[in-house]
Amino acid sequence: MRALLHPLAKPLVFALAIGPFVWLVWGAFTDALGPNPAETLIRSTGEMALRLLCVTLAVTPLRVMTGWPALARFRRMLGLFTFFYAVVHLLSYSAFDMEFVLADIAADIVKRPFILVGMLAFALLLPLALTSFNRAIRALGAARWQALHRAVYAIAPLAVLHFFWMRAGKSDFADVAIYGGILVVLLGWRVWRWLR
Amino acid sequence: MLIRTRGTHDDGFIHPLASEITPRAAYEGRREWMKRVAAGAAGTALAAWAARDVLASTPAPGKLAALPGGRSSVAGAYTMEKLTDYKDASTYNNFYEFGTDKADPAKNAHTLKTRPWTVEIEGLVKKPQTLGIDDLLKLSAQEERIYRLRCVEGWSMVIPWVGYSLNELIKRVGPLGSAKFVEFHTLADRKTMPFVGSPVLEWPYVEGLRLDEAQHPLTLLTFGMYGEVLPNQNGAPVRLVVPWKYGFKSGKSIVKIRFTDKEPRTAWVKSAPQEYGFYSNVNPEVSHPRWSQATERRIGDDGGLFAKKRKTLMFNGYEPQVGQMYAGMDLKKFY
């Protein structure tokens, strides 16, 4: 697939990934985020983080199955966008739900298991983002870097559990099932390869 | 005006010095200034009051049939806060029969048929009966009530409802001495309500009140909002509004009212007893197991995204009117 190597391929993926964020910022300042803009912002950024996590985890299976090694060029950017949306998600929650009161956030982590799980997922995601550049890979050595980045296999289930518990109040698991199903396939494929 | 006397004179009348008399312009100015201060302090409230009267006579949205409500004399019937936009109040709804996303009911509820419509009144009453919606509408004078609405999810609105105290209907049917509770059954029609049958809740959605709560004058049998009949997604053609309880206690599209001697098993108590209690009074001090109820986000507050959350009030601000019904009760236990 020569298109994957086109000089505009990366900018295009970048534009697609940043698009929802641009729309949300635009909506926030033009009052286009519906009756409860804070809720819209918190939920959409969380869902975008989960979507990009799925897309990031799909890169390797797709690369192997299609035999298009060039797909790997996009993995870091997609991973960093996952982190980016997770940061905006966490900041939106901290700002609009908690008004940046650290004591309230701490109390919320203790009180609500789904917040705790979300925070855990973010804590695991942070070192991956911080070691995503080439010099960090060299400094750590490829083996150790890869071992560290396998944390994504813990982050993904935590993210879905976070989503599941958030929706548990309404017993409304249709969307959760979709993301859960996708992750079962993506992680299951890895287990299957490893066992083979 | 300063009136001073000086010394004693024997000319029969004590005159102040001309220089000590407060000039007319000065004292009139002072009085004008005092009036302005008083008006300023009361001004905000007066302006809101005036706006209420205007609103009662001029229905805002112009979307549905007009249903004007007269002034209510019930204590607590009018909050002075800014009304939520009709658009927000009619597009951000929880009505699970039409979907669990808050935008779903406005999209899906057009299938609801609100005529013909009857409400069955049964159970422990002297005169069980079935009332058509037109008879219900005429049963008592329609009043406007501007209530705060606090959702258990942590958001709130201010809505001008139109209806009359449920107690008017209760007096008509005469509860027996053995009646202690009232159950409200809402419509569960698979043909017109796409999400009836989904595993989220047991259908039909049943809510309930203690008899004295149902008889409280603030408990409103509601037919309209913003001077018009209810939009389908807000619970047309008839719903309940209990302003001091979380919104889910106020059943929508009611088809049956039953008087019983047992505490009703309500939909949310059946679905998640550890999270929802029968009373579900708005109470900032009793947290939901998964979130705090101390604050709320007022939909449409100035500043939009950046508006500060508000402190939630005990009984949603209706404590003076309803607090005595719960005197001596442990509200942490009976949540």
# chains A, B, ... in the order shown; residues from 1 in each chain; ligands from 1
>>> interface_residues(of="chain B", to="chain A", cutoff="6 Å", atoms="only C-alpha atoms", output="PyMOL selection string")
chain B and resi 88+200+290+305
>>> residues_around(residues="Gln142 of chain B", least_positions_apart="4", cutoff="6 Å", atoms="only C-alpha atoms", output="ChimeraX atom specification")
/B:69,163-164
>>> atom_distance(atom1="atom CA of Arg150 of chain A", atom2="atom CA of Val184 of chain A")
16.0 Å
>>> residues_around(residues="Thr91 of chain B", least_positions_apart="4", cutoff="9 Å", atoms="only C-alpha atoms", output="list in words")
Gly34 and Pro35 of chain A; Tyr86, Lys87, Lys102, Ala103, Asp104, Pro105, Ala106, Lys107, Gln233 and Asn234 of chain B
>>> write_last_selection(atoms="C-alpha atoms", output="mmCIF file, in the first residue's frame")
data_model
loop_
_atom_site.group_PDB
_atom_site.id
_atom_site.type_symbol
_atom_site.label_atom_id
_atom_site.label_comp_id
_atom_site.auth_asym_id
_atom_site.auth_seq_id
_atom_site.Cartn_x
_atom_site.Cartn_y
_atom_site.Cartn_z
ATOM 1 C CA GLY A 34 -26.134 20.972 24.055
ATOM 2 C CA PRO A 35 -27.939 21.705 27.323
ATOM 3 C CA TYR B 86 -37.813 25.675 26.784
ATOM 4 C CA LYS B 87 -35.430 24.127 24.273
ATOM 5 C CA LYS B 102 -31.019 12.325 27.265
ATOM 6 C CA ALA B 103 -31.427 13.420 23.654
ATOM 7 C CA ASP B 104 -33.401 10.236 22.798
ATOM 8 C CA PRO B 105 -36.861 11.104 24.167
ATOM 9 C CA ALA B 106 -37.137 14.299 22.088
ATOM 10 C CA LYS B 107 -36.217 12.275 18.989
ATOM 11 C CA GLN B 233 -40.908 13.724 25.900
ATOM 12 C CA ASN B 234 -41.800 15.588 29.098
#
>>> select_by_dssp(residues="segment 75-212 of chain B", states="strand (DSSP E or B)", output="PyMOL selection string")
chain B and resi 78+118-123+125+129-132+143-150+155-165+175+181-186+206-210
>>> closest_residue(among="A:Ala143, A:Leu130, A:Met77, A:Leu148", to="Leu12 of chain A", atoms="only C-alpha atoms")
A:Met77
>>> closest_residue(among="B:Gly277, B:Pro264, B:Pro160, B:Gly123", to="Val229 of chain B", atoms="only C-alpha atoms")
B:Pro160
>>> closest_residue(among="B:Lys82, B:Gly303, B:Tyr147, B:Met225", to="Ala66 of chain B", atoms="only C-alpha atoms")
B:Met225
>>> atom_distance(atom1="atom CA of Leu195 of chain A", atom2="atom CA of Phe163 of chain A")
29.3 Å
>>> closest_residue(among="B:Leu240, B:Met157, B:Val322, B:Leu230", to="Tyr92 of chain B", atoms="only C-alpha atoms")
B:Met157
>>> residues_around(residues="segment 310-314 of chain B", least_positions_apart="5", cutoff="7 Å", atoms="only C-alpha atoms", output="list in words")
Val282, Asn283, Pro284, Ala294, Thr295, Glu296, Arg297 and Glu319 of chain B
>>> closest_residue(among="A:Val22, A:Leu4, A:Val55, A:Leu158", to="Gly118 of chain A", atoms="only C-alpha atoms")
A:Leu158
>>> atom_distance(atom1="atom CA of Leu187 of chain B", atom2="atom CA of Ser271 of chain B")
18.1 Å
>>> decode(residues="segment 6-53 of chain A", atoms="N, CA and C atoms", output="PDB file, in the first residue's frame")
ATOM      1  N   HIS A   6       2.714   7.891   1.586  1.00  0.00           N
ATOM      2  CA  HIS A   6       2.583   9.230   1.011  1.00  0.00           C
ATOM      3  C   HIS A   6       2.928  10.284   2.068  1.00  0.00           C
ATOM      4  N   PRO A   7       3.634  11.349   1.668  1.00  0.00           N
ATOM      5  CA  PRO A   7       4.012  12.367   2.666  1.00  0.00           C
ATOM      6  C   PRO A   7       2.805  13.019   3.366  1.00  0.00           C
ATOM      7  N   LEU A   8       1.621  12.934   2.735  1.00  0.00           N
ATOM      8  CA  LEU A   8       0.454  13.545   3.382  1.00  0.00           C
ATOM      9  C   LEU A   8      -0.310  12.567   4.281  1.00  0.00           C
ATOM     10  N   ALA A   9       0.133  11.302   4.302  1.00  0.00           N
ATOM     11  CA  ALA A   9      -0.621  10.300   5.058  1.00  0.00           C
ATOM     12  C   ALA A   9      -0.659  10.641   6.547  1.00  0.00           C
ATOM     13  N   LYS A  10       0.502  10.994   7.093  1.00  0.00           N
ATOM     14  CA  LYS A  10       0.542  11.317   8.532  1.00  0.00           C
ATOM     15  C   LYS A  10      -0.245  12.587   8.853  1.00  0.00           C
ATOM     16  N   PRO A  11      -0.036  13.673   8.079  1.00  0.00           N
ATOM     17  CA  PRO A  11      -0.868  14.859   8.362  1.00  0.00           C
ATOM     18  C   PRO A  11      -2.363  14.557   8.292  1.00  0.00           C
ATOM     19  N   LEU A  12      -2.760  13.657   7.382  1.00  0.00           N
ATOM     20  CA  LEU A  12      -4.170  13.327   7.258  1.00  0.00           C
ATOM     21  C   LEU A  12      -4.681  12.618   8.517  1.00  0.00           C
ATOM     22  N   VAL A  13      -3.910  11.645   8.996  1.00  0.00           N
ATOM     23  CA  VAL A  13      -4.295  10.929  10.219  1.00  0.00           C
ATOM     24  C   VAL A  13      -4.344  11.914  11.387  1.00  0.00           C
ATOM     25  N   PHE A  14      -3.345  12.815  11.422  1.00  0.00           N
ATOM     26  CA  PHE A  14      -3.301  13.839  12.468  1.00  0.00           C
ATOM     27  C   PHE A  14      -4.591  14.672  12.445  1.00  0.00           C
ATOM     28  N   ALA A  15      -4.977  15.115  11.256  1.00  0.00           N
ATOM     29  CA  ALA A  15      -6.164  15.969  11.122  1.00  0.00           C
ATOM     30  C   ALA A  15      -7.420  15.212  11.560  1.00  0.00           C
ATOM     31  N   LEU A  16      -7.500  13.928  11.160  1.00  0.00           N
ATOM     32  CA  LEU A  16      -8.668  13.127  11.548  1.00  0.00           C
ATOM     33  C   LEU A  16      -8.744  12.958  13.056  1.00  0.00           C
ATOM     34  N   ALA A  17      -7.578  12.772  13.673  1.00  0.00           N
ATOM     35  CA  ALA A  17      -7.569  12.517  15.116  1.00  0.00           C
ATOM     36  C   ALA A  17      -7.842  13.789  15.916  1.00  0.00           C
ATOM     37  N   ILE A  18      -7.369  14.930  15.433  1.00  0.00           N
ATOM     38  CA  ILE A  18      -7.560  16.173  16.193  1.00  0.00           C
ATOM     39  C   ILE A  18      -8.942  16.783  15.923  1.00  0.00           C
ATOM     40  N   GLY A  19      -9.570  16.337  14.827  1.00  0.00           N
ATOM     41  CA  GLY A  19     -10.850  16.917  14.410  1.00  0.00           C
ATOM     42  C   GLY A  19     -11.885  17.020  15.523  1.00  0.00           C
ATOM     43  N   PRO A  20     -12.185  15.913  16.219  1.00  0.00           N
ATOM     44  CA  PRO A  20     -13.205  15.987  17.272  1.00  0.00           C
ATOM     45  C   PRO A  20     -12.858  17.005  18.358  1.00  0.00           C
ATOM     46  N   PHE A  21     -11.570  17.139  18.660  1.00  0.00           N
ATOM     47  CA  PHE A  21     -11.157  18.107  19.679  1.00  0.00           C
ATOM     48  C   PHE A  21     -11.449  19.532  19.204  1.00  0.00           C
ATOM     49  N   VAL A  22     -11.102  19.799  17.943  1.00  0.00           N
ATOM     50  CA  VAL A  22     -11.354  21.133  17.380  1.00  0.00           C
ATOM     51  C   VAL A  22     -12.853  21.430  17.436  1.00  0.00           C
ATOM     52  N   TRP A  23     -13.647  20.420  17.084  1.00  0.00           N
ATOM     53  CA  TRP A  23     -15.102  20.603  17.101  1.00  0.00           C
ATOM     54  C   TRP A  23     -15.593  20.913  18.516  1.00  0.00           C
ATOM     55  N   LEU A  24     -15.043  20.206  19.506  1.00  0.00           N
ATOM     56  CA  LEU A  24     -15.479  20.417  20.894  1.00  0.00           C
ATOM     57  C   LEU A  24     -15.110  21.811  21.384  1.00  0.00           C
ATOM     58  N   VAL A  25     -13.898  22.263  21.031  1.00  0.00           N
ATOM     59  CA  VAL A  25     -13.476  23.606  21.460  1.00  0.00           C
ATOM     60  C   VAL A  25     -14.371  24.652  20.796  1.00  0.00           C
ATOM     61  N   TRP A  26     -14.602  24.457  19.518  1.00  0.00           N
ATOM     62  CA  TRP A  26     -15.503  25.357  18.786  1.00  0.00           C
ATOM     63  C   TRP A  26     -16.880  25.379  19.441  1.00  0.00           C
ATOM     64  N   GLY A  27     -17.388  24.189  19.739  1.00  0.00           N
ATOM     65  CA  GLY A  27     -18.710  24.070  20.354  1.00  0.00           C
ATOM     66  C   GLY A  27     -18.762  24.722  21.727  1.00  0.00           C
ATOM     67  N   ALA A  28     -17.667  24.602  22.480  1.00  0.00           N
ATOM     68  CA  ALA A  28     -17.634  25.174  23.829  1.00  0.00           C
ATOM     69  C   ALA A  28     -17.766  26.693  23.769  1.00  0.00           C
ATOM     70  N   PHE A  29     -17.182  27.297  22.758  1.00  0.00           N
ATOM     71  CA  PHE A  29     -17.204  28.755  22.687  1.00  0.00           C
ATOM     72  C   PHE A  29     -18.389  29.298  21.887  1.00  0.00           C
ATOM     73  N   THR A  30     -19.122  28.427  21.206  1.00  0.00           N
ATOM     74  CA  THR A  30     -20.290  28.902  20.468  1.00  0.00           C
ATOM     75  C   THR A  30     -21.577  28.337  21.069  1.00  0.00           C
ATOM     76  N   ASP A  31     -21.453  27.732  22.265  1.00  0.00           N
ATOM     77  CA  ASP A  31     -22.596  27.170  22.965  1.00  0.00           C
ATOM     78  C   ASP A  31     -23.326  26.135  22.102  1.00  0.00           C
ATOM     79  N   ALA A  32     -22.552  25.261  21.483  1.00  0.00           N
ATOM     80  CA  ALA A  32     -23.151  24.254  20.598  1.00  0.00           C
ATOM     81  C   ALA A  32     -22.996  22.844  21.166  1.00  0.00           C
ATOM     82  N   LEU A  33     -22.710  22.747  22.477  1.00  0.00           N
ATOM     83  CA  LEU A  33     -22.499  21.422  23.054  1.00  0.00           C
ATOM     84  C   LEU A  33     -23.740  20.900  23.778  1.00  0.00           C
ATOM     85  N   GLY A  34     -24.899  21.491  23.470  1.00  0.00           N
ATOM     86  CA  GLY A  34     -26.134  20.972  24.055  1.00  0.00           C
ATOM     87  C   GLY A  34     -26.416  21.570  25.423  1.00  0.00           C
ATOM     88  N   PRO A  35     -27.517  21.119  26.053  1.00  0.00           N
ATOM     89  CA  PRO A  35     -27.939  21.705  27.323  1.00  0.00           C
ATOM     90  C   PRO A  35     -26.912  21.558  28.449  1.00  0.00           C
ATOM     91  N   ASN A  36     -26.126  20.477  28.429  1.00  0.00           N
ATOM     92  CA  ASN A  36     -25.152  20.258  29.500  1.00  0.00           C
ATOM     93  C   ASN A  36     -23.759  20.150  28.891  1.00  0.00           C
ATOM     94  N   PRO A  37     -23.150  21.316  28.538  1.00  0.00           N
ATOM     95  CA  PRO A  37     -21.888  21.282  27.799  1.00  0.00           C
ATOM     96  C   PRO A  37     -20.760  20.583  28.555  1.00  0.00           C
ATOM     97  N   ALA A  38     -20.732  20.719  29.873  1.00  0.00           N
ATOM     98  CA  ALA A  38     -19.651  20.083  30.636  1.00  0.00           C
ATOM     99  C   ALA A  38     -19.727  18.563  30.488  1.00  0.00           C
ATOM    100  N   GLU A  39     -20.945  18.046  30.598  1.00  0.00           N
ATOM    101  CA  GLU A  39     -21.140  16.600  30.457  1.00  0.00           C
ATOM    102  C   GLU A  39     -20.746  16.142  29.051  1.00  0.00           C
ATOM    103  N   THR A  40     -21.143  16.919  28.045  1.00  0.00           N
ATOM    104  CA  THR A  40     -20.794  16.575  26.664  1.00  0.00           C
ATOM    105  C   THR A  40     -19.273  16.511  26.505  1.00  0.00           C
ATOM    106  N   LEU A  41     -18.588  17.515  27.051  1.00  0.00           N
ATOM    107  CA  LEU A  41     -17.142  17.580  26.904  1.00  0.00           C
ATOM    108  C   LEU A  41     -16.459  16.409  27.608  1.00  0.00           C
ATOM    109  N   ILE A  42     -16.883  16.139  28.830  1.00  0.00           N
ATOM    110  CA  ILE A  42     -16.249  15.066  29.602  1.00  0.00           C
ATOM    111  C   ILE A  42     -16.495  13.722  28.910  1.00  0.00           C
ATOM    112  N   ARG A  43     -17.727  13.489  28.494  1.00  0.00           N
ATOM    113  CA  ARG A  43     -18.047  12.180  27.899  1.00  0.00           C
ATOM    114  C   ARG A  43     -17.426  12.009  26.521  1.00  0.00           C
ATOM    115  N   SER A  44     -17.466  13.058  25.690  1.00  0.00           N
ATOM    116  CA  SER A  44     -16.909  12.883  24.336  1.00  0.00           C
ATOM    117  C   SER A  44     -15.407  12.668  24.375  1.00  0.00           C
ATOM    118  N   THR A  45     -14.695  13.387  25.261  1.00  0.00           N
ATOM    119  CA  THR A  45     -13.245  13.197  25.281  1.00  0.00           C
ATOM    120  C   THR A  45     -12.894  11.811  25.812  1.00  0.00           C
ATOM    121  N   GLY A  46     -13.678  11.329  26.781  1.00  0.00           N
ATOM    122  CA  GLY A  46     -13.444   9.981  27.290  1.00  0.00           C
ATOM    123  C   GLY A  46     -13.666   8.946  26.201  1.00  0.00           C
ATOM    124  N   GLU A  47     -14.747   9.138  25.447  1.00  0.00           N
ATOM    125  CA  GLU A  47     -15.050   8.175  24.398  1.00  0.00           C
ATOM    126  C   GLU A  47     -13.996   8.233  23.289  1.00  0.00           C
ATOM    127  N   MET A  48     -13.515   9.456  22.986  1.00  0.00           N
ATOM    128  CA  MET A  48     -12.457   9.573  21.968  1.00  0.00           C
ATOM    129  C   MET A  48     -11.181   8.859  22.416  1.00  0.00           C
ATOM    130  N   ALA A  49     -10.837   8.984  23.697  1.00  0.00           N
ATOM    131  CA  ALA A  49      -9.644   8.305  24.212  1.00  0.00           C
ATOM    132  C   ALA A  49      -9.799   6.796  24.030  1.00  0.00           C
ATOM    133  N   LEU A  50     -11.003   6.294  24.332  1.00  0.00           N
ATOM    134  CA  LEU A  50     -11.247   4.856  24.210  1.00  0.00           C
ATOM    135  C   LEU A  50     -11.189   4.416  22.742  1.00  0.00           C
ATOM    136  N   ARG A  51     -11.766   5.225  21.857  1.00  0.00           N
ATOM    137  CA  ARG A  51     -11.738   4.891  20.427  1.00  0.00           C
ATOM    138  C   ARG A  51     -10.312   4.833  19.914  1.00  0.00           C
ATOM    139  N   LEU A  52      -9.513   5.862  20.263  1.00  0.00           N
ATOM    140  CA  LEU A  52      -8.139   5.897  19.763  1.00  0.00           C
ATOM    141  C   LEU A  52      -7.302   4.782  20.370  1.00  0.00           C
ATOM    142  N   LEU A  53      -7.634   4.392  21.598  1.00  0.00           N
ATOM    143  CA  LEU A  53      -6.944   3.252  22.198  1.00  0.00           C
ATOM    144  C   LEU A  53      -7.205   1.994  21.371  1.00  0.00           C
TER     145      LEU A  53
END
